[in-house]
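entry_0.pdb (PDB, C-alpha atoms) appears below.
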ATOM      1  CA  MET A   1       5.189   7.304 -36.577
ATOM      2  CA  SER A   2       2.079   9.028 -37.788
ATOM      3  CA  MET A   3       2.155  12.302 -39.661
ATOM      4  CA  TYR A   4       0.077  13.939 -36.905
ATOM      5  CA  THR A   5       2.042  12.597 -33.945
ATOM      6  CA  VAL A   6       4.906  14.674 -32.637
ATOM      7  CA  SER A   7       7.326  13.430 -30.013
ATOM      8  CA  ILE A   8       7.699  16.094 -27.343
ATOM      9  CA  PRO A   9      10.639  15.738 -24.957
ATOM     10  CA  MET A  10       9.900  15.843 -21.248
ATOM     11  CA  GLY A  11      10.391  19.419 -20.139
ATOM     12  CA  LEU A  12      11.276  20.984 -16.830
ATOM     13  CA  ALA A  13       7.620  21.620 -15.970
ATOM     14  CA  GLN A  14       6.666  17.987 -16.487
ATOM     15  CA  ARG A  15       9.631  16.758 -14.422
ATOM     16  CA  SER A  16       8.845  19.125 -11.584
ATOM     17  CA  LEU A  17       5.233  17.936 -11.578
ATOM     18  CA  SER A  18       6.436  14.340 -11.503
ATOM     19  CA  LEU A  19       8.766  15.121  -8.601
ATOM     20  CA  ALA A  20       5.974  16.950  -6.760
ATOM     21  CA  GLY A  21       3.697  13.951  -7.277
ATOM     22  CA  ILE A  22       6.281  11.531  -5.893
ATOM     23  CA  ILE A  23       6.904  13.745  -2.867
ATOM     24  CA  GLY A  24       3.151  14.031  -2.314
ATOM     25  CA  ILE A  25       2.690  10.267  -2.427
ATOM     26  CA  LEU A  26       5.571   9.696   0.009
ATOM     27  CA  THR A  27       4.203  12.336   2.374
ATOM     28  CA  ALA A  28       0.728  10.813   2.267
ATOM     29  CA  ALA A  29       2.164   7.348   2.940
ATOM     30  CA  PHE A  30       4.163   8.650   5.918
ATOM     31  CA  ALA A  31       1.090  10.437   7.286
ATOM     32  CA  ALA A  32      -0.990   7.278   6.893
ATOM     33  CA  GLY A  33       1.643   5.274   8.764
ATOM     34  CA  LEU A  34       1.721   7.847  11.564
ATOM     35  CA  ILE A  35      -2.064   7.823  11.864
ATOM     36  CA  TYR A  36      -1.985   4.019  11.981
ATOM     37  CA  LEU A  37       0.536   4.171  14.828
ATOM     38  CA  LEU A  38      -1.555   6.722  16.705
ATOM     39  CA  VAL A  39      -4.567   4.420  16.470
ATOM     40  CA  THR A  40      -2.818   1.126  17.260
ATOM     41  CA  GLN A  41      -0.123   2.289  19.730
ATOM     42  CA  PRO A  42      -1.262   5.629  21.153
ATOM     43  CA  VAL A  43       0.611   5.457  24.471
ATOM     44  CA  SER A  44       4.048   4.619  23.102
ATOM     45  CA  THR A  45       3.651   7.137  20.265
ATOM     46  CA  ALA A  46       2.620   9.890  22.694
ATOM     47  CA  GLU A  47       5.503   9.051  25.054
ATOM     48  CA  ASN A  48       8.030   9.227  22.228
ATOM     49  CA  ILE A  49       6.664  12.559  21.027
ATOM     50  CA  ALA A  50       6.574  13.976  24.575
ATOM     51  CA  ASN A  51      10.191  12.931  25.176
ATOM     52  CA  GLY A  52      11.277  14.429  21.859
ATOM     53  CA  GLU A  53      12.414  11.072  20.508
ATOM     54  CA  VAL A  54      11.642  11.060  16.823
ATOM     55  CA  SER A  55      13.734   8.125  15.618
ATOM     56  CA  PRO A  56      11.533   5.401  17.218
ATOM     57  CA  ILE A  57       8.502   6.907  15.493
ATOM     58  CA  VAL A  58      10.276   7.063  12.141
ATOM     59  CA  ARG A  59      11.446   3.461  12.542
ATOM     60  CA  ALA A  60       7.930   2.340  13.467
ATOM     61  CA  VAL A  61       6.354   4.176  10.531
ATOM     62  CA  ALA A  62       8.973   2.722   8.192
ATOM     63  CA  GLY A  63       8.200  -0.745   9.563
ATOM     64  CA  VAL A  64       4.467  -0.243   9.027
ATOM     65  CA  LEU A  65       5.013   0.982   5.470
ATOM     66  CA  TYR A  66       7.406  -1.892   4.756
ATOM     67  CA  ASP A  67       4.895  -4.460   6.039
ATOM     68  CA  ALA A  68       2.121  -2.874   3.974
ATOM     69  CA  LEU A  69       4.266  -2.862   0.833
ATOM     70  CA  ARG A  70       5.332  -6.454   1.438
ATOM     71  CA  GLY A  71       1.702  -7.470   1.842
ATOM     72  CA  ILE A  72       0.702  -5.702  -1.352
ATOM     73  CA  LEU A  73       3.545  -7.312  -3.298
ATOM     74  CA  LYS A  74       2.697 -10.724  -1.855
ATOM     75  CA  PHE A  75      -0.898 -10.224  -2.980
ATOM     76  CA  LEU A  76       0.183  -9.392  -6.525
TER      77      LEU A  76
END

Represent the structure of the file as structure tokens.
Amino acid sequence: MSMYTVSIPMGLAQRSLSLAGIIGILTAAFAAGLIYLLVTQPVSTAENIANGEVSPIVRAVAGVLYDALRGILKFL
């Protein structure tokens, strides 16, 4: 360790910023999946929203995000 380097423990502010960043990324990914569904399956998405059925939309968005993540991991 260098004389000029000081190890600073991760404080509450840094952890809260990390948590806010993770929540922001997850929210952006969910929004992107919902936009993708609105573009590719507008009728079924609109019907589910009009009927108040949220679980099919959440399942579809989760499926889209899972397929995207699987494709990214397959590429790497």

Contacts of Val58 of chain A at 10 Å (only C-alpha atoms; same-chain gap of 4+ positions) as number ranges by chain: A: 30, 33-34, 53-54, 62-64

Selection export as a tab-separated table (two decimals), in the coordinates of the input, atoms kept: C-alpha atoms:
chain	number	residue	atom	x	y	z
A	30	PHE	CA	4.16	8.65	5.92
A	33	GLY	CA	1.64	5.27	8.76
A	34	LEU	CA	1.72	7.85	11.56
A	53	GLU	CA	12.41	11.07	20.51
A	54	VAL	CA	11.64	11.06	16.82
A	62	ALA	CA	8.97	2.72	8.19
A	63	GLY	CA	8.20	-0.74	9.56
A	64	VAL	CA	4.47	-0.24	9.03

Residues near Tyr36 of chain A, cut-off 9 Å, all atoms listed in the file, skip fewer than 5 positions along chain, as a PyMOL selection string: chain A and resi 31+41+61+64

Can you write out the residues you just picked, keeping C-alpha atoms, as an mmCIF file, keeping the file's coordinate frame?
data_model
loop_
_atom_site.group_PDB
_atom_site.id
_atom_site.type_symbol
_atom_site.label_atom_id
_atom_site.label_comp_id
_atom_site.auth_asym_id
_atom_site.auth_seq_id
_atom_site.Cartn_x
_atom_site.Cartn_y
_atom_site.Cartn_z
ATOM 1 C CA ALA A 31 1.090 10.437 7.286
ATOM 2 C CA GLN A 41 -0.123 2.289 19.730
ATOM 3 C CA VAL A 61 6.354 4.176 10.531
ATOM 4 C CA VAL A 64 4.467 -0.243 9.027
#

Interatomic distance, atom CA of Glu47 of chain A to atom CA of Tyr66 of chain A (Å, one decimal):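 Between these atoms lies a distance of 23.1 Å.
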
Separation of atom CA of Lys74 of chain A from atom CA of Ser18 of chain A, in Å and rounded to one decimal: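 Straight-line distance from atom CA of Lys74 of chain A to atom CA of Ser18 of chain A works out to 27.1 Å.
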
How big is the axis-aligned box around all listed atoms of segment 20-32 of chain A once 5 Å goes on each side, and where's its centre, in Å to one decimal, as lines of an AutoDock Vina configuration file?
center_x = 3.0
center_y = 12.1
center_z = 0.0
size_x = 17.9
size_y = 19.7
size_z = 24.6

Which of A:Leu17, A:Ile35, A:Ala29, A:Ala50 sits closest to Leu69 of chain A [using only C-alpha atoms]: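 Among A:Leu17, A:Ile35, A:Ala29, A:Ala50, it is A:Ala29 that comes nearest to Leu69 of chain A.
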
Gap from atom CA of Ile72 of chain A to atom CA of Ser44 of chain A - Å, one decimal: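 Separating atom CA of Ile72 of chain A from atom CA of Ser44 of chain A is a distance of 26.8 Å.
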